[in-house]
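Dropping start.cif in here (mmCIF, C-alpha atoms and all ligand atoms):
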```
data_coords
loop_
_atom_site.label_atom_id
_atom_site.label_comp_id
_atom_site.auth_asym_id
_atom_site.auth_seq_id
_atom_site.Cartn_x
_atom_site.Cartn_y
_atom_site.Cartn_z
CA MET K 1 130.36 64.10 34.80
CA ARG K 2 130.55 60.78 32.96
CA THR K 3 131.32 61.22 29.28
CA GLU K 4 132.86 59.25 26.42
CA ILE K 5 136.65 59.51 26.27
CA ASN K 6 138.61 58.18 23.30
CA PHE K 7 141.98 56.71 24.28
CA ASP K 8 144.21 56.46 21.22
CA GLY K 9 147.26 54.24 21.05
CA ILE K 10 150.38 56.31 20.37
CA VAL K 11 152.09 54.62 17.41
CA GLY K 12 155.29 53.01 18.65
CA PRO K 13 158.78 53.59 17.21
CA SER K 14 158.96 50.05 15.76
CA HIS K 15 155.93 50.43 13.42
CA ASN K 16 156.70 48.30 10.35
CA TYR K 17 155.19 46.24 7.54
CA ALA K 18 156.06 42.62 8.32
CA GLY K 19 152.81 41.21 6.87
CA LEU K 20 151.90 39.36 10.06
CA SER K 21 148.09 39.43 9.97
CA LEU K 22 146.55 36.74 7.77
CA GLY K 23 143.02 37.78 6.78
CA ASN K 24 143.89 41.48 7.06
CA LEU K 25 144.32 42.29 3.38
CA ALA K 26 146.18 45.57 3.93
CA SER K 27 148.79 43.84 6.11
CA THR K 28 149.34 41.14 3.47
CA LYS K 29 149.39 43.58 0.55
CA ASN K 30 151.90 45.94 2.16
CA PHE K 31 154.27 43.25 3.41
CA GLY K 32 157.86 44.30 2.75
CA LYS K 33 157.16 48.01 2.24
CA THR K 34 159.26 50.57 4.08
CA SER K 35 157.32 52.08 6.97
CA ALA K 36 157.54 55.60 8.38
CA PRO K 37 157.13 55.31 12.18
CA ARG K 38 157.65 59.01 12.83
CA ALA K 39 155.03 60.04 10.27
CA ALA K 40 152.71 57.29 11.58
CA ALA K 41 152.86 58.59 15.14
CA LEU K 42 152.45 62.21 14.00
CA GLN K 43 149.38 61.26 11.91
CA GLY K 44 147.81 59.66 14.98
CA LEU K 45 148.65 62.63 17.19
CA ALA K 46 147.12 65.01 14.63
CA LYS K 47 143.86 63.05 14.81
CA MET K 48 143.91 63.24 18.62
CA ARG K 49 144.54 66.98 18.50
CA ALA K 50 141.74 67.56 16.00
CA ASN K 51 139.25 65.57 18.10
CA LEU K 52 140.27 67.53 21.18
CA GLU K 53 139.68 70.76 19.25
CA ARG K 54 136.26 69.43 18.27
CA GLY K 55 135.42 69.37 21.97
CA LEU K 56 135.83 65.59 22.41
CA PRO K 57 137.66 64.36 25.55
CA GLN K 58 140.84 62.57 24.53
CA GLY K 59 143.25 60.20 26.23
CA PHE K 60 146.10 58.00 25.04
CA PHE K 61 147.97 54.80 25.78
CA LEU K 62 151.71 54.38 25.48
CA PRO K 63 153.37 51.96 23.07
CA LEU K 64 154.46 48.67 24.67
CA ARG K 65 158.05 47.50 25.19
CA ARG K 66 159.39 46.36 21.84
CA PRO K 67 161.26 44.18 21.15
CA ASP K 68 159.41 42.15 23.77
CA ALA K 69 162.37 40.44 25.40
CA ALA K 70 160.22 38.93 28.17
CA TRP K 71 158.07 37.11 25.61
CA LEU K 72 161.10 35.88 23.68
CA ALA K 73 162.59 34.62 26.96
CA GLN K 74 159.41 32.59 27.56
CA LEU K 75 160.08 31.07 24.15
CA GLY K 76 163.65 30.24 25.10
CA THR K 77 165.31 32.84 22.91
CA THR K 78 166.48 36.43 22.68
CA VAL K 79 166.09 39.20 20.14
CA GLU K 80 169.64 38.46 18.91
CA ASP K 81 169.01 34.73 18.41
CA ALA K 82 165.35 34.65 17.35
CA ALA K 83 164.48 33.55 13.82
CA PRO K 84 163.39 36.51 11.63
CA THR K 85 159.65 35.84 11.84
CA LEU K 86 159.70 35.39 15.59
CA ARG K 87 161.76 38.55 15.91
CA ALA K 88 159.23 40.47 13.77
CA ASN K 89 156.48 39.18 16.07
CA ALA K 90 158.42 40.51 19.06
CA LEU K 91 158.92 43.92 17.43
CA SER K 92 155.38 44.65 16.22
CA ALA K 93 153.91 48.02 17.17
CA SER K 94 150.41 46.52 16.92
CA SER K 95 149.29 47.77 20.35
CA MET K 96 148.69 51.11 18.57
CA TRP K 97 145.26 49.70 17.63
CA ALA K 98 143.71 50.41 21.00
CA ALA K 99 140.28 49.15 19.90
CA ASN K 100 141.83 45.72 20.49
CA ALA K 101 143.18 46.57 23.95
CA ALA K 102 140.09 45.65 25.92
CA THR K 103 136.30 45.40 25.97
CA VAL K 104 134.71 48.17 28.00
CA SER K 105 131.31 48.11 29.70
CA PRO K 106 130.38 51.49 31.15
CA ALA K 107 129.11 51.81 34.71
CA ALA K 108 125.50 52.28 33.57
CA ASP K 109 125.45 48.72 32.17
CA THR K 110 127.06 46.69 34.95
CA ALA K 111 125.67 44.99 38.06
CA ASP K 112 128.02 46.76 40.47
CA GLY K 113 127.77 50.20 38.85
CA ARG K 114 131.48 50.34 37.98
CA CYS K 115 133.06 50.56 34.54
CA HIS K 116 134.53 47.14 33.69
CA LEU K 117 137.42 46.59 31.30
CA THR K 118 138.62 43.13 30.22
CA VAL K 119 141.97 43.09 28.45
CA ALA K 120 141.80 41.23 25.13
CA ASN K 121 143.89 38.06 24.86
CA LEU K 122 144.43 38.47 21.06
CA VAL K 123 145.49 34.81 20.93
CA THR K 124 144.79 34.26 17.22
CA MET K 125 147.79 36.23 15.90
CA PRO K 126 151.24 35.52 17.38
CA HIS K 127 152.40 39.15 17.13
CA ARG K 128 149.34 40.33 19.06
CA SER K 129 149.16 37.45 21.56
CA HIS K 130 151.80 39.02 23.81
CA GLU K 131 150.22 42.49 24.02
CA TRP K 132 147.96 41.66 26.92
CA ALA K 133 150.54 41.78 29.73
CA GLY K 134 151.72 45.30 28.87
CA THR K 135 148.16 46.45 28.24
CA LEU K 136 146.97 45.08 31.58
CA GLU K 137 149.84 46.82 33.35
CA GLN K 138 148.89 50.13 31.74
CA LEU K 139 145.12 49.88 32.26
CA ARG K 140 145.67 49.01 35.92
CA ILE K 141 147.48 52.34 36.31
CA ALA K 142 145.11 54.45 34.20
CA PHE K 143 141.94 53.00 35.75
CA ALA K 144 143.25 52.29 39.25
CA ASN K 145 140.37 53.88 41.15
CA PRO K 146 138.44 50.87 42.55
CA ALA K 147 135.33 52.91 43.30
CA HIS K 148 134.85 53.51 39.57
CA PHE K 149 136.71 50.79 37.64
CA ALA K 150 137.38 47.06 37.56
CA VAL K 151 140.19 46.00 35.21
CA HIS K 152 140.18 42.26 34.41
CA ALA K 153 142.91 40.00 33.05
CA PRO K 154 142.14 38.37 29.67
CA VAL K 155 139.86 35.37 29.29
CA PRO K 156 141.97 32.24 28.87
CA ALA K 157 143.00 30.63 25.58
CA PRO K 158 141.86 29.02 23.34
CA PHE K 159 138.87 31.37 23.22
CA GLY K 160 139.96 34.28 21.04
CA ASP K 161 139.04 37.75 22.24
CA GLU K 162 139.94 40.89 20.28
CA GLY K 163 138.28 43.45 22.53
CA ALA K 164 136.17 46.47 21.64
CA ALA K 165 136.68 45.96 17.89
CA ASN K 166 133.95 43.30 18.13
CA HIS K 167 131.71 45.09 20.60
CA MET K 168 129.11 47.81 19.98
CA ARG K 169 127.02 49.73 22.44
CA LEU K 170 123.67 51.34 21.66
CA CYS K 171 122.07 53.72 24.14
CA ALA K 172 119.99 56.88 24.45
CA GLY K 173 123.07 58.76 25.73
CA HIS K 174 126.56 57.62 26.72
CA ASP K 175 125.75 57.61 30.44
CA ALA K 176 122.36 55.89 30.04
CA PRO K 177 122.06 52.08 30.27
CA GLY K 178 123.01 50.55 26.93
CA ILE K 179 122.46 47.47 24.81
CA GLU K 180 125.83 45.76 24.40
CA VAL K 181 126.26 43.84 21.16
CA PHE K 182 129.09 41.29 20.98
CA VAL K 183 129.95 40.19 17.44
CA TYR K 184 131.78 36.88 16.95
CA GLY K 185 132.94 34.90 13.94
CA ALA K 186 132.45 31.26 13.00
CA ALA K 187 135.44 29.13 12.04
CA GLY K 188 135.70 27.44 8.65
CA GLY K 189 136.28 30.25 6.16
CA PRO K 190 139.54 31.10 4.36
CA TYR K 191 140.70 33.30 7.25
CA PRO K 192 140.66 32.80 11.00
CA ALA K 193 137.64 33.98 12.99
CA ARG K 194 139.44 36.00 15.62
CA GLN K 195 136.53 36.59 18.02
CA HIS K 196 134.99 33.46 19.57
CA ARG K 197 131.49 33.46 20.96
CA GLU K 198 132.70 31.74 24.17
CA ALA K 199 135.07 34.65 24.83
CA SER K 200 132.33 37.24 24.28
CA GLU K 201 130.00 35.37 26.63
CA ALA K 202 132.73 35.21 29.27
CA VAL K 203 133.35 38.95 29.04
CA ALA K 204 129.62 39.68 29.41
CA ARG K 205 129.51 37.50 32.56
CA ILE K 206 132.68 39.00 34.02
CA HIS K 207 131.29 42.52 33.51
CA GLY K 208 127.99 41.66 35.20
CA LEU K 209 125.87 42.64 32.19
CA SER K 210 122.16 42.01 32.26
CA PRO K 211 121.23 39.22 29.79
CA GLU K 212 118.18 41.25 28.69
CA ARG K 213 120.44 44.04 27.49
CA THR K 214 123.15 41.87 25.94
CA VAL K 215 123.10 40.57 22.36
CA PHE K 216 125.44 38.08 20.66
CA ALA K 217 125.51 38.41 16.88
CA ARG K 218 127.46 36.40 14.35
CA GLN K 219 129.55 38.23 11.80
CA SER K 220 128.73 37.13 8.25
CA ASP K 221 131.11 34.66 6.67
CA GLU K 222 131.23 36.85 3.51
CA ALA K 223 132.50 39.78 5.58
CA ILE K 224 135.37 37.76 7.10
CA ALA K 225 136.21 36.23 3.71
CA ALA K 226 136.25 39.73 2.17
CA GLY K 227 138.83 40.87 4.75
CA ALA K 228 136.71 42.14 7.66
CA PHE K 229 138.88 40.53 10.32
CA HIS K 230 137.08 42.57 13.00
CA ASN K 231 133.45 43.70 13.09
CA ASP K 232 134.57 47.34 13.33
CA VAL K 233 135.66 47.11 9.70
CA VAL K 234 132.01 46.74 8.60
CA ALA K 235 129.90 48.36 11.36
CA VAL K 236 130.12 51.03 14.05
CA ALA K 237 127.65 52.22 16.68
CA ASN K 238 127.31 55.37 18.73
CA GLU K 239 124.43 56.28 21.02
CA ARG K 240 121.24 55.41 19.10
CA VAL K 241 122.88 55.08 15.66
CA LEU K 242 124.07 51.81 14.17
CA PHE K 243 126.00 52.48 10.96
CA THR K 244 126.52 49.21 9.11
CA HIS K 245 127.14 47.53 5.80
CA GLU K 246 124.26 45.40 4.56
CA GLN K 247 126.46 42.29 4.63
CA ALA K 248 128.06 42.76 8.06
CA PHE K 249 125.95 40.25 10.01
CA ALA K 250 124.99 36.61 9.44
CA GLU K 251 121.36 37.00 10.54
CA ARG K 252 120.80 40.60 9.78
CA ASP K 253 116.99 40.80 9.89
CA ALA K 254 116.78 38.97 13.20
CA LEU K 255 119.49 41.17 14.68
CA TYR K 256 117.81 44.40 13.56
CA ALA K 257 114.47 43.18 14.98
CA THR K 258 116.10 42.35 18.32
CA LEU K 259 117.77 45.74 18.48
CA HIS K 260 114.54 47.57 17.60
CA ALA K 261 112.74 45.66 20.37
CA LYS K 262 115.41 46.45 22.95
CA LEU K 263 115.99 50.09 21.97
CA PRO K 264 112.95 51.45 20.11
CA GLU K 265 114.68 54.76 19.35
CA ILE K 266 117.54 53.04 17.47
CA GLU K 267 118.38 54.40 14.00
CA ILE K 268 119.96 51.80 11.73
CA VAL K 269 121.82 53.40 8.86
CA GLU K 270 122.51 50.56 6.46
CA VAL K 271 124.71 50.97 3.40
CA PRO K 272 123.47 48.65 0.64
CA ALA K 273 125.95 46.40 -1.14
CA ALA K 274 124.52 47.70 -4.43
CA GLU K 275 125.85 51.17 -3.58
CA VAL K 276 129.08 50.27 -1.77
CA SER K 277 130.52 46.79 -2.23
CA LEU K 278 132.06 44.94 0.70
CA ALA K 279 135.39 45.26 -1.12
CA ASP K 280 135.10 49.07 -1.32
CA ALA K 281 133.88 49.29 2.28
CA ILE K 282 136.90 47.29 3.45
CA SER K 283 139.58 49.00 1.34
CA SER K 284 138.26 52.49 2.23
CA TYR K 285 137.49 51.70 5.90
CA LEU K 286 134.19 53.59 5.65
CA PHE K 287 132.89 51.82 8.77
CA ASN K 288 136.14 52.10 10.66
CA ALA K 289 135.34 55.77 11.02
CA GLN K 290 134.89 57.13 14.52
CA LEU K 291 131.19 57.86 14.89
CA VAL K 292 131.12 60.58 17.52
CA THR K 293 128.64 62.95 19.12
CA LEU K 294 129.87 66.55 18.91
CA PRO K 295 129.17 68.99 21.78
CA SER K 296 126.31 70.35 19.61
CA GLY K 297 124.64 66.92 19.89
CA GLU K 298 125.14 66.21 16.18
CA ALA K 299 126.78 63.00 14.99
CA ALA K 300 129.98 63.15 12.93
CA LEU K 301 132.25 60.64 11.22
CA VAL K 302 136.03 60.89 11.56
CA LEU K 303 137.18 59.18 8.37
CA PRO K 304 140.47 58.11 6.77
CA GLY K 305 141.54 59.80 3.51
CA GLU K 306 140.92 56.49 1.69
CA ALA K 307 137.15 57.00 2.18
CA ARG K 308 137.28 60.23 0.17
CA GLU K 309 139.38 58.56 -2.51
CA THR K 310 136.92 55.69 -3.05
CA PRO K 311 134.24 57.03 -5.44
CA SER K 312 131.36 54.78 -4.32
CA VAL K 313 132.04 55.54 -0.66
CA TRP K 314 132.41 59.29 -1.07
CA ARG K 315 129.26 59.41 -3.21
CA TRP K 316 127.29 57.58 -0.52
CA LEU K 317 128.60 59.87 2.24
CA GLN K 318 127.87 63.04 0.30
CA ALA K 319 124.32 61.90 -0.40
CA HIS K 320 123.77 60.97 3.25
CA VAL K 321 124.98 64.30 4.60
CA ALA K 322 122.98 66.21 1.96
CA GLY K 323 119.85 64.30 2.98
CA ASN K 324 118.20 63.93 6.35
CA GLY K 325 120.36 61.16 7.78
CA PRO K 326 121.62 61.19 11.36
CA ILE K 327 125.30 61.72 10.42
CA ARG K 328 125.73 65.46 9.91
CA HIS K 329 129.49 66.06 9.54
CA LEU K 330 132.47 64.38 7.89
CA PHE K 331 136.06 64.94 9.02
CA VAL K 332 138.82 63.37 6.95
CA HIS K 333 142.29 62.51 8.30
CA ASP K 334 145.48 61.21 6.73
CA LEU K 335 146.23 57.98 8.63
CA ARG K 336 147.99 56.28 5.73
CA GLU K 337 150.71 54.61 7.79
CA SER K 338 148.25 52.87 10.11
CA MET K 339 145.82 52.17 7.27
CA ALA K 340 148.53 50.30 5.37
CA ASN K 341 148.50 47.75 8.20
CA GLY K 342 144.69 47.60 8.28
CA GLY K 343 144.11 50.08 11.10
CA GLY K 344 141.75 53.04 10.60
CA PRO K 345 140.54 55.88 12.84
CA ALA K 346 138.35 53.59 14.97
CA CYS K 347 141.03 50.89 15.36
CA LEU K 348 143.32 53.47 16.89
CA ARG K 349 141.02 54.27 19.80
CA LEU K 350 139.40 52.65 22.83
CA ARG K 351 136.20 54.26 24.07
CA VAL K 352 135.67 54.56 27.81
CA VAL K 353 132.63 56.22 29.38
CA ALA K 354 133.77 57.73 32.67
CA ASP K 355 134.32 60.96 34.56
CA PRO K 356 137.79 62.09 33.39
CA ALA K 357 138.52 63.17 36.98
CA THR K 358 138.45 59.49 38.07
CA ILE K 359 141.23 58.50 35.58
CA ASP K 360 144.97 58.89 36.13
CA PRO K 361 145.55 62.35 34.56
CA ARG K 362 148.84 61.21 33.01
CA PHE K 363 146.78 59.42 30.32
CA ILE K 364 144.60 62.42 29.49
CA ALA K 365 145.54 64.57 26.47
CA THR K 366 145.82 68.33 26.55
CA PRO K 367 147.06 70.51 23.66
CA GLU K 368 150.24 71.26 25.60
CA LYS K 369 150.91 67.58 26.30
CA LEU K 370 150.33 66.70 22.63
CA ASP K 371 152.90 69.40 21.71
CA ARG K 372 155.45 67.72 23.97
CA ILE K 373 154.70 64.22 22.64
CA GLU K 374 154.95 65.49 19.07
CA ALA K 375 158.31 67.13 19.71
CA LEU K 376 159.66 63.94 21.28
CA VAL K 377 158.38 61.76 18.43
CA ALA K 378 159.89 64.14 15.85
CA ARG K 379 163.24 63.84 17.65
CA LEU K 380 163.39 60.14 18.57
CA TRP K 381 161.12 57.98 16.35
CA PRO K 382 162.86 56.36 13.35
CA GLU K 383 162.03 58.02 10.08
CA HIS K 384 161.87 54.73 8.17
CA ILE K 385 162.01 51.00 8.83
CA ALA K 386 162.54 48.48 6.03
CA VAL K 387 161.83 44.86 6.94
CA GLU K 388 165.56 44.02 6.80
CA ASN K 389 166.22 46.71 9.45
CA LEU K 390 164.34 44.56 11.96
CA SER K 391 167.52 42.49 12.39
CA ASP K 392 169.66 45.58 13.11
CA PRO K 393 170.61 45.89 16.81
CA ALA K 394 170.82 49.68 16.42
CA LEU K 395 167.09 49.75 15.61
CA TRP K 396 166.22 47.74 18.74
CA THR K 397 168.17 50.23 20.86
CA THR K 398 166.51 53.20 19.17
CA CYS K 399 163.05 51.72 19.83
CA ILE K 400 163.79 50.97 23.47
CA GLU K 401 165.30 54.40 24.16
CA ALA K 402 162.56 56.32 22.36
CA ARG K 403 159.86 54.62 24.40
CA VAL K 404 161.68 55.09 27.69
CA ALA K 405 162.00 58.81 26.88
CA LEU K 406 158.25 59.02 26.22
CA CYS K 407 157.43 57.34 29.54
CA SER K 408 159.67 59.79 31.30
CA GLU K 409 158.23 62.80 29.44
CA LEU K 410 154.75 61.81 30.60
CA GLY K 411 155.75 61.08 34.19
CA LEU K 412 155.09 57.36 33.65
CA ASP K 413 158.54 56.02 34.49
CA GLU K 414 156.93 52.97 36.14
CA LEU K 415 156.02 51.80 32.61
CA ALA K 416 159.55 52.24 31.22
O1 LIG K 501 145.24 43.03 14.18
N1 LIG K 501 147.20 44.86 11.94
C1 LIG K 501 146.15 44.84 12.94
C2 LIG K 501 145.09 45.85 12.60
C3 LIG K 501 144.10 46.00 13.72
C4 LIG K 501 142.95 46.85 13.36
N2 LIG K 501 142.08 46.97 14.46
C5 LIG K 501 140.73 47.01 14.41
N3 LIG K 501 140.07 46.65 13.31
N4 LIG K 501 140.10 47.36 15.45
C6 LIG K 501 145.56 43.44 13.06
O2 LIG K 501 145.40 42.76 12.04
C7 LIG K 501 149.38 44.24 11.04
C8 LIG K 501 150.78 44.08 11.56
C9 LIG K 501 151.75 43.57 10.53
O3 LIG K 501 151.34 42.91 9.58
O4 LIG K 501 152.96 43.81 10.72
C10 LIG K 501 148.35 44.21 12.16
O5 LIG K 501 148.57 43.61 13.18
#
```
Go ahead and express the file in the form of structure tokens.
Ligand code: SUG
Amino acid sequence: MRTEINFDGIVGPSHNYAGLSLGNLASTKNFGKTSAPRAAALQGLAKMRANLERGLPQGFFLPLRRPDAAWLAQLGTTVEDAAPTLRANALSASSMWAANAATVSPAADTADGRCHLTVANLVTMPHRSHEWAGTLEQLRIAFANPAHFAVHAPVPAPFGDEGAANHMRLCAGHDAPGIEVFVYGAAGGPYPARQHREASEAVARIHGLSPERTVFARQSDEAIAAGAFHNDVVAVANERVLFTHEQAFAERDALYATLHAKLPEIEIVEVPAAEVSLADAISSYLFNAQLVTLPSGEAALVLPGEARETPSVWRWLQAHVAGNGPIRHLFVHDLRESMANGGGPACLRLRVVADPATIDPRFIATPEKLDRIEALVARLWPEHIAVENLSDPALWTTCIEARVALCSELGLDELA
């Protein structure tokens, strides 16, 4: 049966705070702090385990090869010789944020009835611009069955594409035809607009989406200026629910009217700026929650601890759950290590609607497999990385060996 599967990026052993993402306020603020890669990976694995226990199908992606020697070679250098910033770009563990791996259009939406995935080019940020090759390699293995999947290479530069983080899907049920909403940013503000409309339009064409069920919406300039470098920092959709901040979209009324016309049963849950400011929404990652449908049919939010610690946000959530709103349950997780680089629960996962039996089983989580990954992470992931450690050859070796061991543990030696 086709169902929604969340594929989380396993946090790689090189996770660090090099402050590489301009416009992502958490990344800038935490530049230079000492990271805890082992704790980061264990926090992510605990979220995966909890979602599995909630009855939600769960998959994962492996960290990419870091340092990325192949990328440095294209730039005429090596990890030993690269300047510190370039070396940090080659060592980033940023592929953990699987919401930026690809854009996914489920089979029910596409012309050929297959699930289409286009790998994101992530060209705006140097440290993310070299993820695509490793991601493509991995998705081609996980979704190799040509009867059910088509995995596409990224759209070409200069059109920036950041994948599912700027894509929402509204539908009566996950396997029913959906309305796909692509959110792009306009250039000209203090921070780069990382998703370009041209890229979103290309992805919609490549996936064979019907123009009647495809919507292109502009992110509001205030949201980008306030630090919402991806739409999934200010809005999230699941089935017929759109959960959004009042200031997420440039032409909000027109967008809501379009969505109501295309999906009359839509429920738009809008959080007013007067109750939760954009600043609080962004620092707490209220909208970067995973909005999921539990086996009971009820909707739940999987939130980061920061949402409970932000009074305006927690007040709003408590009132919503106490009232008659569509979101019935709140689950809070400690994802502090990822959050400190601007990645919340929803950034860490890529949603794919498919029959799990059609996916390479090596990427599907089971409690026993999570036990084995956890044990390996506890043994091999560095406990801490300070920014100056990035120039230590011993750290590069540790990162390479830890990842190779994970590939081998999961029977994925071809990715080593
Ligand atoms: O691209 N942070 C990521 C966070 C991505 C969050 N993803 C979604 N919103 N879906 C980014 O800005 C920080 C890395 C550093 O600074 O070292 C970073 O890349």
Distance filter 9 Å around ligand LIG 501 (chain K), atoms: all atoms listed in the file, out as a ChimeraX atom specification: /K:15-28,30-31,88-89,91-100,122,125,127-128,162-166,228-233,288,338-349
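The coordinates place atom CA of Leu42 of chain K at 7.9 Å from atom CA of Ala378 of chain K.
Across the model, the gap from atom CA of Cys115 of chain K to atom CA of Ala142 of chain K is 12.7 Å.
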Residues within 9 Å of Arg252 of chain K, only C-alpha atoms, excluding chain neighbours under 5 positions, as a list in words: Ala217, Ser220, Glu246, Gln247 and Ala257 of chain K
Arg114 of chain K surroundings by only C-alpha atoms, 10 Å radius, close-in-sequence under 3 positions cut, as a list in words: Ser105, Pro106, Ala107, Ala108, Asp109, Thr110, Ala111, Leu117, Pro146, Ala147, His148, Phe149, Ala150, His207, Gly208 and Ala354 of chain K
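Computed from the coordinates, the atom CA of Asp253 of chain K to atom CA of Arg213 of chain K distance equals 18.2 Å.
In this comparison, which uses all atoms listed in the file, the residue of K:Asp413, K:Glu198, K:Glu401, K:Asp280 approaching Val377 of chain K most closely is K:Glu401.
You can rank K:Ala235, K:Leu294, K:Ala199, K:Ala172 by their closest distance to Gly160 of chain K using only C-alpha atoms, and at the top of that list sits K:Ala199.
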Non-local contacts of Leu370 of chain K (10 Å; only C-alpha atoms; under 2 positions in same chain excluded) as a VMD selection string: chain K and resid 42 45 to 46 48 to 49 60 364 to 368 372 to 376
Could you give me the axis-aligned bounding box of segment 307-321 of chain K, with 6 Å of padding per side, as centre plus edge lengths in Å to one decimal, as lines of an AutoDock Vina configuration file?
```
center_x = 131.6
center_y = 59.5
center_z = -0.4
size_x = 27.6
size_y = 21.5
size_z = 22.0
```
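With distances taken over all atoms listed in the file, K:Ser283 is the one residue among K:Ser408, K:Ser283, K:Gln138, K:Thr85 lying closest to Ser312 of chain K.
Restricting the calculation to only C-alpha atoms, the smallest distance between Pro37 of chain K and any of K:Arg351, K:Gly12, K:Ala176, K:Pro356 is found for K:Gly12.
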12 Å contact set for Ile141 of chain K, all atoms listed in the file, chain neighbours under 3 positions out, as a ChimeraX atom specification: /K:61-62,134-138,144-146,149-151,358-363,412-415
From the structure block, carefully write segment 183-232 of chain K out with C-alpha atoms; format it as a short mmCIF file (atom, residue, chain, number, x, y, z; two decimals), in the first residue's frame.
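Result saved to result-v9.cif:
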```
data_model
loop_
_atom_site.label_atom_id
_atom_site.label_comp_id
_atom_site.auth_asym_id
_atom_site.auth_seq_id
_atom_site.Cartn_x
_atom_site.Cartn_y
_atom_site.Cartn_z
CA VAL K 183 7.25 28.51 -2.85
CA TYR K 184 10.03 30.72 -4.25
CA GLY K 185 11.77 33.86 -3.09
CA ALA K 186 12.45 37.14 -4.86
CA ALA K 187 15.97 38.57 -4.91
CA GLY K 188 16.77 41.99 -3.46
CA GLY K 189 16.46 41.60 0.31
CA PRO K 190 19.31 41.47 2.85
CA TYR K 191 19.69 37.70 2.39
CA PRO K 192 19.79 35.51 -0.69
CA ALA K 193 16.53 34.05 -2.01
CA ARG K 194 17.59 30.43 -2.26
CA GLN K 195 14.61 29.07 -4.24
CA HIS K 196 14.13 30.55 -7.71
CA ARG K 197 10.79 30.42 -9.47
CA GLU K 198 12.46 29.15 -12.67
CA ALA K 199 13.78 26.13 -10.79
CA SER K 200 10.38 25.35 -9.27
CA GLU K 201 8.73 25.59 -12.69
CA ALA K 202 11.36 23.27 -14.16
CA VAL K 203 10.77 20.68 -11.44
CA ALA K 204 7.00 20.80 -12.02
CA ARG K 205 7.55 20.19 -15.76
CA ILE K 206 10.08 17.41 -15.20
CA HIS K 207 7.66 15.64 -12.84
CA GLY K 208 4.78 15.87 -15.31
CA LEU K 209 2.49 17.74 -12.92
CA SER K 210 -0.83 19.00 -14.15
CA PRO K 211 -0.83 22.83 -14.34
CA GLU K 212 -4.35 22.89 -12.85
CA ARG K 213 -3.06 21.24 -9.70
CA THR K 214 0.20 23.16 -9.40
CA VAL K 215 0.58 26.51 -7.63
CA PHE K 216 3.60 28.84 -7.51
CA ALA K 217 3.59 31.17 -4.51
CA ARG K 218 6.09 33.83 -3.56
CA GLN K 219 7.52 33.80 -0.07
CA SER K 220 7.12 37.17 1.66
CA ASP K 221 10.17 39.40 1.71
CA GLU K 222 9.62 40.00 5.46
CA ALA K 223 9.89 36.26 6.11
CA ILE K 224 13.23 35.96 4.28
CA ALA K 225 14.54 39.13 5.95
CA ALA K 226 13.50 37.74 9.36
CA GLY K 227 15.57 34.58 8.74
CA ALA K 228 13.13 32.22 6.99
CA PHE K 229 15.67 31.02 4.45
CA HIS K 230 13.30 28.20 3.43
CA ASN K 231 9.50 28.21 3.35
CA ASP K 232 9.42 25.25 5.76
#
```
